[in-house]
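Containing mmCIF, C-alpha atoms and all ligand atoms: model.cif.
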data_start
#
loop_
_atom_site.group_PDB
_atom_site.id
_atom_site.type_symbol
_atom_site.label_atom_id
_atom_site.label_comp_id
_atom_site.auth_asym_id
_atom_site.auth_seq_id
_atom_site.Cartn_x
_atom_site.Cartn_y
_atom_site.Cartn_z
ATOM 1 C CA MET A 1 76.183 169.123 90.521
ATOM 2 C CA SER A 2 78.028 166.018 91.628
ATOM 3 C CA GLY A 3 80.568 166.117 88.810
ATOM 4 C CA HIS A 4 82.881 168.556 90.594
ATOM 5 C CA PRO A 5 83.874 169.049 94.224
ATOM 6 C CA LEU A 6 81.647 171.678 95.842
ATOM 7 C CA SER A 7 82.957 174.765 97.593
ATOM 8 C CA ILE A 8 82.284 175.037 101.316
ATOM 9 C CA GLN A 9 79.628 177.702 100.603
ATOM 10 C CA GLU A 10 77.875 175.307 98.213
ATOM 11 C CA ILE A 11 78.102 172.503 100.776
ATOM 12 C CA GLU A 12 76.629 174.671 103.514
ATOM 13 C CA ALA A 13 73.755 175.613 101.205
ATOM 14 C CA LEU A 14 72.822 171.959 100.643
ATOM 15 C CA GLY A 15 69.783 170.508 102.393
ATOM 16 C CA TYR A 16 70.611 167.886 105.005
ATOM 17 C CA TYR A 17 69.987 164.867 102.750
ATOM 18 C CA ASP A 18 71.735 166.408 99.762
ATOM 19 C CA PHE A 19 74.703 167.003 102.050
ATOM 20 C CA MET A 20 74.644 163.378 103.259
ATOM 21 C CA SER A 21 74.388 162.208 99.637
ATOM 22 C CA TYR A 22 77.367 164.384 98.784
ATOM 23 C CA LEU A 23 79.278 162.561 101.540
ATOM 24 C CA GLU A 24 78.086 159.278 99.935
ATOM 25 C CA VAL A 25 76.362 157.923 103.067
ATOM 26 C CA PRO A 26 74.931 154.629 101.702
ATOM 27 C CA TYR A 27 71.697 154.514 103.686
ATOM 28 C CA PHE A 28 69.975 155.909 106.765
ATOM 29 C CA HIS A 29 67.394 153.355 107.823
ATOM 30 C CA ILE A 30 68.126 151.287 110.895
ATOM 31 C CA GLY A 31 67.997 147.593 110.193
ATOM 32 C CA GLY A 32 70.086 148.232 107.062
ATOM 33 C CA LEU A 33 70.185 145.766 104.198
ATOM 34 C CA VAL A 34 68.936 142.957 106.450
ATOM 35 C CA SER A 35 65.673 144.874 106.954
ATOM 36 C CA THR A 36 65.538 145.801 103.257
ATOM 37 C CA GLU A 37 65.627 142.132 102.344
ATOM 38 C CA LYS A 38 63.054 141.282 104.998
ATOM 39 C CA LEU A 39 60.715 143.981 103.659
ATOM 40 C CA ALA A 40 61.185 142.592 100.131
ATOM 41 C CA GLU A 41 60.135 139.160 101.411
ATOM 42 C CA LEU A 42 57.100 140.596 103.200
ATOM 43 C CA CYS A 43 56.066 142.357 99.979
ATOM 44 C CA ARG A 44 56.647 139.095 98.071
ATOM 45 C CA LEU A 45 59.017 140.688 95.595
ATOM 46 C CA ASP A 46 60.461 138.569 92.815
ATOM 47 C CA ARG A 47 62.166 139.180 89.489
ATOM 48 C CA ASN A 48 58.869 139.842 87.696
ATOM 49 C CA LYS A 49 57.785 142.657 90.013
ATOM 50 C CA LYS A 50 57.942 146.388 89.430
ATOM 51 C CA VAL A 51 58.774 148.245 92.631
ATOM 52 C CA LEU A 52 58.707 151.919 93.537
ATOM 53 C CA MET A 53 61.070 153.131 96.264
ATOM 54 C CA VAL A 54 59.918 156.526 97.454
ATOM 55 C CA GLY A 55 62.689 158.664 99.014
ATOM 56 C CA CYS A 56 65.310 156.300 97.599
ATOM 57 C CA GLY A 57 68.230 158.563 98.557
ATOM 58 C CA THR A 58 71.401 157.584 96.699
ATOM 59 C CA GLY A 59 69.812 154.336 95.550
ATOM 60 C CA PHE A 60 71.854 151.952 97.702
ATOM 61 C CA SER A 61 68.912 149.757 98.788
ATOM 62 C CA ALA A 62 67.246 150.102 95.388
ATOM 63 C CA CYS A 63 70.350 148.770 93.604
ATOM 64 C CA TYR A 64 70.753 146.094 96.269
ATOM 65 C CA LEU A 65 67.195 144.827 95.657
ATOM 66 C CA ALA A 66 67.511 145.026 91.873
ATOM 67 C CA LYS A 67 70.619 142.851 92.120
ATOM 68 C CA LYS A 68 69.533 140.517 94.899
ATOM 69 C CA VAL A 69 65.887 139.942 93.904
ATOM 70 C CA GLY A 70 66.105 140.847 90.233
ATOM 71 C CA CYS A 71 62.982 143.055 90.341
ATOM 72 C CA LEU A 72 62.712 146.308 88.399
ATOM 73 C CA VAL A 73 63.195 149.142 90.874
ATOM 74 C CA VAL A 74 62.085 152.702 90.196
ATOM 75 C CA GLY A 75 63.455 155.162 92.744
ATOM 76 C CA VAL A 76 62.212 158.700 93.338
ATOM 77 C CA ASP A 77 63.558 161.311 95.687
ATOM 78 C CA ILE A 78 62.976 164.994 96.121
ATOM 79 C CA ALA A 79 66.711 165.667 96.535
ATOM 80 C CA GLU A 80 68.370 166.278 93.172
ATOM 81 C CA LEU A 81 71.866 165.309 94.260
ATOM 82 C CA SER A 82 70.633 161.983 95.671
ATOM 83 C CA ILE A 83 69.109 161.080 92.319
ATOM 84 C CA GLU A 84 72.333 161.983 90.503
ATOM 85 C CA LYS A 85 74.265 159.723 92.862
ATOM 86 C CA ALA A 86 71.690 156.943 92.455
ATOM 87 C CA LYS A 87 72.033 157.088 88.661
ATOM 88 C CA GLU A 88 75.827 156.993 88.971
ATOM 89 C CA ARG A 89 75.578 153.991 91.288
ATOM 90 C CA ALA A 90 73.262 152.105 88.903
ATOM 91 C CA LYS A 91 75.616 152.773 85.992
ATOM 92 C CA LYS A 92 78.681 151.692 87.967
ATOM 93 C CA GLU A 93 76.949 148.481 89.064
ATOM 94 C CA GLY A 94 75.647 147.678 85.579
ATOM 95 C CA LEU A 95 72.039 147.992 86.759
ATOM 96 C CA GLU A 96 70.710 150.536 84.263
ATOM 97 C CA GLU A 97 68.273 147.983 82.793
ATOM 98 C CA LYS A 98 66.939 147.025 86.222
ATOM 99 C CA THR A 99 66.612 150.499 87.773
ATOM 100 C CA ASP A 100 65.203 153.898 86.936
ATOM 101 C CA PHE A 101 65.883 156.924 89.147
ATOM 102 C CA ARG A 102 64.109 160.243 88.886
ATOM 103 C CA ILE A 103 63.304 163.334 90.911
ATOM 104 C CA GLY A 104 59.810 163.013 92.347
ATOM 105 C CA ASP A 105 57.661 164.093 95.245
ATOM 106 C CA ALA A 106 55.959 161.503 97.456
ATOM 107 C CA TYR A 107 52.809 163.671 97.447
ATOM 108 C CA ALA A 108 52.544 163.838 93.658
ATOM 109 C CA LEU A 109 54.223 160.755 92.231
ATOM 110 C CA PRO A 110 54.938 161.112 88.510
ATOM 111 C CA PHE A 111 53.222 157.814 87.581
ATOM 112 C CA GLU A 112 49.828 156.665 86.414
ATOM 113 C CA ALA A 113 47.455 154.869 88.765
ATOM 114 C CA GLY A 114 48.044 151.125 89.046
ATOM 115 C CA THR A 115 51.675 151.122 87.878
ATOM 116 C CA PHE A 116 53.522 149.180 90.604
ATOM 117 C CA ASP A 117 53.406 145.798 92.352
ATOM 118 C CA ALA A 118 54.907 147.320 95.487
ATOM 119 C CA VAL A 119 55.707 150.730 96.952
ATOM 120 C CA ILE A 120 58.435 150.834 99.585
ATOM 121 C CA THR A 121 59.753 153.508 101.913
ATOM 122 C CA GLU A 122 62.700 153.234 104.278
ATOM 123 C CA PHE A 123 62.958 156.100 106.769
ATOM 124 C CA VAL A 124 60.913 158.429 104.596
ATOM 125 C CA SER A 125 57.252 158.133 105.634
ATOM 126 C CA GLN A 126 58.196 159.240 109.145
ATOM 127 C CA PHE A 127 59.005 162.653 107.650
ATOM 128 C CA LEU A 128 55.813 162.871 105.586
ATOM 129 C CA ASP A 129 52.179 163.777 106.054
ATOM 130 C CA ARG A 130 51.035 160.152 105.995
ATOM 131 C CA ASP A 131 47.432 160.947 105.141
ATOM 132 C CA ARG A 132 48.507 162.452 101.805
ATOM 133 C CA ALA A 133 51.490 160.200 101.114
ATOM 134 C CA PHE A 134 49.883 156.811 101.803
ATOM 135 C CA ARG A 135 46.888 157.650 99.598
ATOM 136 C CA GLU A 136 49.325 158.559 96.834
ATOM 137 C CA PHE A 137 51.227 155.277 97.330
ATOM 138 C CA ALA A 138 47.929 153.369 97.118
ATOM 139 C CA ARG A 139 47.000 155.248 93.924
ATOM 140 C CA VAL A 140 50.114 154.125 92.011
ATOM 141 C CA LEU A 141 49.784 150.505 93.230
ATOM 142 C CA LYS A 142 48.141 147.806 91.132
ATOM 143 C CA PRO A 143 45.133 146.151 92.817
ATOM 144 C CA GLY A 144 46.570 143.411 95.054
ATOM 145 C CA GLY A 145 49.883 145.306 95.273
ATOM 146 C CA CYS A 146 51.694 145.926 98.538
ATOM 147 C CA VAL A 147 52.906 148.976 100.448
ATOM 148 C CA GLY A 148 55.906 148.114 102.656
ATOM 149 C CA ILE A 149 57.507 150.546 105.054
ATOM 150 C CA ASN A 150 60.508 150.523 107.356
ATOM 151 C CA GLU A 151 59.975 153.475 109.703
ATOM 152 C CA MET A 152 60.819 154.313 113.291
ATOM 153 C CA TYR A 153 58.321 153.948 116.129
ATOM 154 C CA ARG A 154 58.095 155.028 119.735
ATOM 155 C CA GLU A 155 56.213 153.110 122.388
ATOM 156 C CA LYS A 156 52.880 154.454 123.594
ATOM 157 C CA GLU A 157 53.629 154.237 127.300
ATOM 158 C CA ILE A 158 56.891 156.003 128.142
ATOM 159 C CA PRO A 159 57.760 157.486 131.555
ATOM 160 C CA PRO A 160 57.486 161.293 131.177
ATOM 161 C CA ARG A 161 61.185 162.093 131.749
ATOM 162 C CA HIS A 162 62.240 159.667 128.991
ATOM 163 C CA ALA A 163 59.367 160.725 126.720
ATOM 164 C CA GLU A 164 60.582 164.305 127.011
ATOM 165 C CA LYS A 165 64.066 163.329 125.856
ATOM 166 C CA ILE A 166 62.663 161.365 122.930
ATOM 167 C CA THR A 167 60.570 164.374 121.913
ATOM 168 C CA HIS A 168 63.746 166.474 122.155
ATOM 169 C CA ALA A 169 65.479 164.039 119.743
ATOM 170 C CA GLU A 170 62.504 164.233 117.356
ATOM 171 C CA ASN A 171 62.799 168.023 117.391
ATOM 172 C CA ILE A 172 66.516 167.774 116.625
ATOM 173 C CA PHE A 173 65.868 165.626 113.552
ATOM 174 C CA GLY A 174 63.074 167.942 112.484
ATOM 175 C CA GLU A 175 65.425 170.901 112.775
ATOM 176 C CA ILE A 176 68.451 169.442 110.939
ATOM 177 C CA THR A 177 66.411 167.902 108.131
ATOM 178 C CA GLY A 178 63.959 170.785 107.809
ATOM 179 C CA LEU A 179 61.181 168.152 107.709
ATOM 180 C CA PRO A 180 58.468 167.424 110.274
ATOM 181 C CA PHE A 181 59.600 164.446 112.355
ATOM 182 C CA THR A 182 57.352 162.821 114.949
ATOM 183 C CA LEU A 183 57.467 159.139 115.707
ATOM 184 C CA GLN A 184 54.295 157.079 115.621
ATOM 185 C CA THR A 185 53.514 154.051 117.737
ATOM 186 C CA PRO A 186 53.344 150.710 115.847
ATOM 187 C CA GLU A 187 49.531 150.866 116.217
ATOM 188 C CA GLU A 188 49.432 154.352 114.702
ATOM 189 C CA TRP A 189 51.465 153.183 111.687
ATOM 190 C CA LYS A 190 48.942 150.380 111.188
ATOM 191 C CA LYS A 191 45.994 152.738 111.493
ATOM 192 C CA GLU A 192 47.467 155.214 109.015
ATOM 193 C CA LEU A 193 47.986 152.507 106.390
ATOM 194 C CA GLU A 194 44.415 151.319 106.907
ATOM 195 C CA GLU A 195 43.088 154.863 106.569
ATOM 196 C CA ALA A 196 44.676 154.994 103.114
ATOM 197 C CA GLY A 197 42.361 152.130 102.103
ATOM 198 C CA LEU A 198 44.896 149.302 102.461
ATOM 199 C CA VAL A 199 43.828 145.925 103.839
ATOM 200 C CA ASN A 200 45.567 143.049 105.655
ATOM 201 C CA VAL A 201 47.740 145.638 107.341
ATOM 202 C CA ARG A 202 50.400 144.363 109.736
ATOM 203 C CA SER A 203 52.904 146.382 111.713
ATOM 204 C CA ARG A 204 55.880 144.385 113.060
ATOM 205 C CA LYS A 205 58.057 145.850 115.781
ATOM 206 C CA CYS A 206 61.797 145.400 115.283
ATOM 207 C CA ARG A 207 64.693 146.320 117.537
ATOM 208 C CA PRO A 208 67.826 147.842 116.039
ATOM 209 C CA THR A 209 70.705 145.473 116.772
ATOM 210 C CA PRO A 210 74.190 145.584 115.287
ATOM 211 C CA SER A 211 74.683 142.348 113.364
ATOM 212 C CA LEU A 212 77.486 140.509 111.672
ATOM 213 C CA GLU A 213 75.030 139.594 108.924
ATOM 214 C CA GLU A 214 74.532 143.298 108.129
ATOM 215 C CA THR A 215 78.285 143.932 108.006
ATOM 216 C CA LYS A 216 78.708 141.006 105.630
ATOM 217 C CA LYS A 217 75.926 142.274 103.366
ATOM 218 C CA LEU A 218 77.402 145.773 103.377
ATOM 219 C CA ILE A 219 80.859 144.467 102.502
ATOM 220 C CA GLY A 220 79.352 142.413 99.685
ATOM 221 C CA ALA A 221 77.345 145.387 98.363
ATOM 222 C CA MET A 222 80.505 147.510 98.380
ATOM 223 C CA GLY A 223 82.432 145.035 96.262
ATOM 224 C CA GLY A 224 84.388 143.299 99.033
ATOM 225 C CA THR A 225 86.550 144.179 102.029
ATOM 226 C CA LEU A 226 88.796 146.558 100.127
ATOM 227 C CA GLY A 227 85.866 148.525 98.696
ATOM 228 C CA PHE A 228 84.274 148.655 102.154
ATOM 229 C CA ALA A 229 87.517 149.848 103.827
ATOM 230 C CA ARG A 230 88.092 152.438 101.098
ATOM 231 C CA TYR A 231 84.555 153.706 101.458
ATOM 232 C CA PHE A 232 84.755 154.168 105.226
ATOM 233 C CA ALA A 233 88.200 155.767 105.091
ATOM 234 C CA GLY A 234 86.893 158.190 102.427
ATOM 235 C CA LEU A 235 83.791 159.010 104.471
ATOM 236 C CA MET A 236 85.858 159.669 107.604
ATOM 237 C CA VAL A 237 88.247 161.969 105.736
ATOM 238 C CA LYS A 238 85.349 163.988 104.261
ATOM 239 C CA MET A 239 83.528 164.212 107.591
ATOM 240 C CA ILE A 240 86.624 165.371 109.455
ATOM 241 C CA LYS A 241 87.505 167.858 106.708
ATOM 242 C CA TYR A 242 84.081 169.522 106.592
ATOM 243 C CA THR A 243 83.721 169.447 110.373
ATOM 244 C CA LEU A 244 86.983 171.330 110.720
ATOM 245 C CA ILE A 245 86.187 173.856 108.005
ATOM 246 C CA SER A 246 82.514 174.622 108.617
ATOM 247 C CA LYS A 247 80.704 175.743 111.736
ATOM 248 C CA LYS A 248 77.362 174.786 110.149
ATOM 249 C CA VAL A 249 78.544 171.245 109.402
ATOM 250 C CA ARG A 250 79.937 170.961 112.934
ATOM 251 C CA TYR A 251 76.574 172.001 114.329
ATOM 252 C CA ARG A 252 74.725 169.481 112.140
ATOM 253 C CA PHE A 253 76.955 166.598 113.219
ATOM 254 C CA ARG A 254 76.752 167.586 116.867
ATOM 255 C CA GLN A 255 72.951 167.667 116.716
ATOM 256 C CA LEU A 256 72.852 164.406 114.763
ATOM 257 C CA GLY A 257 75.038 162.754 117.422
ATOM 258 C CA GLU A 258 72.799 164.031 120.227
ATOM 259 C CA GLY A 259 69.602 162.845 118.510
ATOM 260 C CA LYS A 260 71.060 159.422 117.678
ATOM 261 C CA LYS A 261 72.334 158.964 121.219
ATOM 262 C CA ILE A 262 68.824 159.447 122.624
ATOM 263 C CA LEU A 263 66.999 157.337 120.050
ATOM 264 C CA LEU A 264 69.511 154.573 119.469
ATOM 265 C CA ARG A 265 72.257 154.339 122.052
ATOM 266 C CA LYS A 266 71.186 155.541 125.496
ATOM 267 C CA LYS A 267 69.602 152.458 127.090
ATOM 268 C CA SER A 268 67.075 154.386 129.220
ATOM 269 C CA THR A 269 65.491 156.037 126.148
ATOM 270 C CA ALA A 270 66.464 153.740 123.236
ATOM 271 C CA LYS A 271 64.487 150.839 124.687
ATOM 272 C CA TYR A 272 61.275 152.724 123.856
ATOM 273 C CA VAL A 273 62.247 153.218 120.207
ATOM 274 C CA GLY A 274 62.733 150.899 117.245
ATOM 275 C CA TYR A 275 61.514 150.430 113.705
ATOM 276 C CA VAL A 276 58.435 148.837 112.223
ATOM 277 C CA LEU A 277 58.260 146.735 109.105
ATOM 278 C CA ALA A 278 54.656 147.397 108.164
ATOM 279 C CA THR A 279 52.784 146.147 105.121
ATOM 280 C CA GLY A 280 49.338 146.572 103.622
ATOM 281 C CA THR A 281 47.620 145.450 100.427
ATOM 282 C CA LYS A 282 45.546 147.408 97.941
ATOM 283 C CA PRO A 283 42.178 145.675 97.658
ATOM 284 C CA GLU A 284 41.502 143.859 94.373
ATOM 285 C CA LYS A 285 38.216 145.759 93.954
HETATM 286 C C1 LIG B 1 66.264 159.447 105.908
HETATM 287 S S1 LIG B 1 66.444 159.615 104.178
HETATM 288 C C2 LIG B 1 66.210 157.938 103.702
HETATM 289 C C3 LIG B 1 66.855 157.616 102.387
HETATM 290 C C4 LIG B 1 66.819 156.132 102.037
HETATM 291 N N1 LIG B 1 65.467 155.636 101.892
HETATM 292 C C5 LIG B 1 67.540 155.340 103.094
HETATM 293 O O1 LIG B 1 66.953 154.487 103.737
HETATM 294 O O2 LIG B 1 68.733 155.597 103.287
HETATM 295 C C6 LIG B 1 64.919 160.386 103.694
HETATM 296 C C7 LIG B 1 64.847 160.608 102.200
HETATM 297 O O3 LIG B 1 63.525 161.050 101.887
HETATM 298 C C8 LIG B 1 63.623 162.049 100.893
HETATM 299 N N2 LIG B 1 62.378 162.845 100.916
HETATM 300 C C9 LIG B 1 61.945 163.680 101.875
HETATM 301 N N3 LIG B 1 60.744 164.200 101.546
HETATM 302 C C10 LIG B 1 60.405 163.676 100.341
HETATM 303 C C11 LIG B 1 59.294 163.807 99.470
HETATM 304 N N4 LIG B 1 58.270 164.628 99.765
HETATM 305 N N5 LIG B 1 59.275 163.102 98.329
HETATM 306 C C12 LIG B 1 60.306 162.279 98.002
HETATM 307 N N6 LIG B 1 61.390 162.104 98.780
HETATM 308 C C13 LIG B 1 61.452 162.781 99.938
HETATM 309 C C14 LIG B 1 64.877 162.826 101.296
HETATM 310 O O4 LIG B 1 65.397 163.595 100.250
HETATM 311 C C15 LIG B 1 65.794 161.675 101.702
HETATM 312 O O5 LIG B 1 66.548 161.162 100.628
#
Output the structure of this file as structure tokens.
Ligand SMILES: C[S@@+](CC[C@H](N)C(=O)[O-])C[C@H]1O[C@@H](n2cnc3c(N)ncnc32)[C@H](O)[C@@H]1O
Amino acid sequence: MSGHPLSIQEIEALGYYDFMSYLEVPYFHIGGLVSTEKLAELCRLDRNKKVLMVGCGTGFSACYLAKKVGCLVVGVDIAELSIEKAKERAKKEGLEEKTDFRIGDAYALPFEAGTFDAVITEFVSQFLDRDRAFREFARVLKPGGCVGINEMYREKEIPPRHAEKITHAENIFGEITGLPFTLQTPEEWKKELEEAGLVNVRSRKCRPTPSLEETKKLIGAMGGTLGFARYFAGLMVKMIKYTLISKKVRYRFRQLGEGKKILLRKKSTAKYVGYVLATGTKPEK
């Protein structure tokens, strides 16, 4: 699928995340590679660990962790094109020994019970039925293993007029992704992990802030300033091209912009939203 440029009809037929993968968007989670590294620390990852990244997208974070920490990272995603791109990335970065990407559904992971030291999601669990997904994550974990998630939250107490706008943004993301999207409070994330049988659960609130550290990490992960500049120029060209050609793409970007403005940029609403780094352990017995 990814081997040849797609026609505009093929592009319009792609699901939202397949489309974003086609554009080569590196990652979606706020907090970026800084939060990925933090989550790895919280899950105590090291080079001897076997990690599952559910909803790995195009494998950017997965490859980053395989390189940075040296752990073995298995990535699954339901979007076929994302997995193709992830495999291409691993090959290009010489990480085929340290990564394994395959199509897989968070609700029915294609692995035996007790396979992994850690299961990680970044901006994936917020689109899932957590009751089913977290139990499935716990199933494939070894006893003593860790679930680590980076997912968005909304505060519990929000003045009604701002809460309404945030709900509007949730609906926008639900519509453009075709997936249910409702933000939990940090306490609800904790409770849902506990209900899956995990213990020592902690949910840490984080605020999205642009950081120089993140830019540096991104430049490094893209092979230096030139690679970074080339990537962004390429992304801009593709976005402008498809926006001009396709009404459907235009609509998607407009909606995406509106949703992001409410959740991330508009001070009056964005202050009630952020992301949690939450972890929980599978009991030894
Ligand atoms: C917001 S993207 C996040 C991708 C990546 N983790 C990141 O941080 O950039 C959500 C991803 O979850 C995947 N996804 C959605 N539902 C899924 C499911 N049931 N099983 C596996 N992956 C799923 C989508 O295809 C998409 O790649």
Original post:
Contacts of A:Asp129 at 9 Å or less, counting only C-alpha atoms, minus same-chain residues fewer than 4 places along, as a PyMOL selection string?
Top reply: chain A and resi 107+125+133-134+180
How would the residues just chosen look if you wrote them out with C-alpha atoms as a compact mmCIF listing (two decimals), keeping the file's coordinate frame?
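The resulting file, part_39.txt, is reproduced below:
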# COMPACT_ATOMS: atom_id res chain seq x y z
CA TYR A 107 52.81 163.67 97.45
CA SER A 125 57.25 158.13 105.63
CA ALA A 133 51.49 160.20 101.11
CA PHE A 134 49.88 156.81 101.80
CA PRO A 180 58.47 167.42 110.27
Closest-contact table, chain A side, partner ligand LIG 1 (chain B), 8 Å, counting only C-alpha atoms and all ligand atoms, as a Markdown table:
| residue | atom | partner | partner_atom | distance |
| --- | --- | --- | --- | --- |
| A:Tyr17 | CA | B:LIG1 | C15 | 5.4 |
| A:Asp18 | CA | B:LIG1 | O4 | 7.0 |
| A:Ser21 | CA | B:LIG1 | O5 | 8.0 |
| A:Val25 | CA | B:LIG1 | O2 | 8.0 |
| A:Pro26 | CA | B:LIG1 | O2 | 6.5 |
| A:Tyr27 | CA | B:LIG1 | O2 | 3.2 |
| A:Phe28 | CA | B:LIG1 | O2 | 3.7 |
| A:His29 | CA | B:LIG1 | O1 | 4.3 |
| A:Ile30 | CA | B:LIG1 | O1 | 7.9 |
| A:Gly32 | CA | B:LIG1 | O1 | 7.7 |
| A:Met53 | CA | B:LIG1 | N1 | 7.6 |
| A:Val54 | CA | B:LIG1 | C12 | 5.8 |
| A:Gly55 | CA | B:LIG1 | N6 | 3.7 |
| A:Cys56 | CA | B:LIG1 | N1 | 4.3 |
| A:Gly57 | CA | B:LIG1 | O5 | 3.7 |
| A:Thr58 | CA | B:LIG1 | C4 | 7.2 |
| A:Gly59 | CA | B:LIG1 | C4 | 7.4 |
| A:Phe60 | CA | B:LIG1 | O2 | 7.4 |
| A:Ser61 | CA | B:LIG1 | O1 | 7.1 |
| A:Val76 | CA | B:LIG1 | C12 | 6.2 |
| A:Asp77 | CA | B:LIG1 | N6 | 3.9 |
| A:Ile78 | CA | B:LIG1 | N6 | 4.2 |
| A:Ala79 | CA | B:LIG1 | O4 | 4.5 |
| A:Ser82 | CA | B:LIG1 | O5 | 6.5 |
| A:Ile103 | CA | B:LIG1 | C12 | 7.8 |
| A:Gly104 | CA | B:LIG1 | C12 | 5.7 |
| A:Asp105 | CA | B:LIG1 | N5 | 3.6 |
| A:Ala106 | CA | B:LIG1 | N5 | 3.8 |
| A:Tyr107 | CA | B:LIG1 | N4 | 6.0 |
| A:Thr121 | CA | B:LIG1 | N1 | 6.1 |
| A:Glu122 | CA | B:LIG1 | N1 | 4.4 |
| A:Phe123 | CA | B:LIG1 | C1 | 4.8 |
| A:Val124 | CA | B:LIG1 | C6 | 4.5 |
| A:Ser125 | CA | B:LIG1 | O3 | 7.9 |
| A:Phe127 | CA | B:LIG1 | N3 | 6.5 |
| A:Leu128 | CA | B:LIG1 | N3 | 6.5 |
| A:Leu179 | CA | B:LIG1 | N3 | 7.3 |
Return the padded bounding box of stretch 253-271 of chain A as AutoDock Vina command-line options: axis-aligned, built from all atoms listed in the file, 5 Å added on each side, with centre and edge lengths in Å to one decimal.
--center_x 70.7 --center_y 159.3 --center_z 121.2 --size_x 22.5 --size_y 26.8 --size_z 26.0
Subject >> Hits from the PyMOL selection byres (((chain A and resi 215-218) around 12) and not hetatm), listed as JSON, numbers by chain >> reply: {"A": [26, 27, 31, 32, 33, 34, 35, 36, 37, 60, 61, 64, 65, 68, 209, 210, 211, 212, 213, 214, 219, 220, 221, 222, 223, 224, 225, 226, 227, 228, 229, 231, 232]}
**OP:** Mind checking which residues fall within 12 Å of A:Met152, counting all atoms listed in the file, ignoring those fewer than 3 positions away in the same chain, and posting them as a PyMOL selection string?
**Re:** chain A and resi 28-31+121-127+149+155+170+181-186+188-189+203-208+263-264+270+272-278
Residues of the last selection are to be written out with C-alpha atoms, as a compact mmCIF listing (two decimals), keeping the file's coordinate frame.
# COMPACT_ATOMS: atom_id res chain seq x y z
CA PHE A 28 69.97 155.91 106.76
CA HIS A 29 67.39 153.35 107.82
CA ILE A 30 68.13 151.29 110.90
CA GLY A 31 68.00 147.59 110.19
CA THR A 121 59.75 153.51 101.91
CA GLU A 122 62.70 153.23 104.28
CA PHE A 123 62.96 156.10 106.77
CA VAL A 124 60.91 158.43 104.60
CA SER A 125 57.25 158.13 105.63
CA GLN A 126 58.20 159.24 109.14
CA PHE A 127 59.00 162.65 107.65
CA ILE A 149 57.51 150.55 105.05
CA GLU A 155 56.21 153.11 122.39
CA GLU A 170 62.50 164.23 117.36
CA PHE A 181 59.60 164.45 112.36
CA THR A 182 57.35 162.82 114.95
CA LEU A 183 57.47 159.14 115.71
CA GLN A 184 54.30 157.08 115.62
CA THR A 185 53.51 154.05 117.74
CA PRO A 186 53.34 150.71 115.85
CA GLU A 188 49.43 154.35 114.70
CA TRP A 189 51.46 153.18 111.69
CA SER A 203 52.90 146.38 111.71
CA ARG A 204 55.88 144.38 113.06
CA LYS A 205 58.06 145.85 115.78
CA CYS A 206 61.80 145.40 115.28
CA ARG A 207 64.69 146.32 117.54
CA PRO A 208 67.83 147.84 116.04
CA LEU A 263 67.00 157.34 120.05
CA LEU A 264 69.51 154.57 119.47
CA ALA A 270 66.46 153.74 123.24
CA TYR A 272 61.28 152.72 123.86
CA VAL A 273 62.25 153.22 120.21
CA GLY A 274 62.73 150.90 117.24
CA TYR A 275 61.51 150.43 113.70
CA VAL A 276 58.44 148.84 112.22
CA LEU A 277 58.26 146.74 109.10
CA ALA A 278 54.66 147.40 108.16
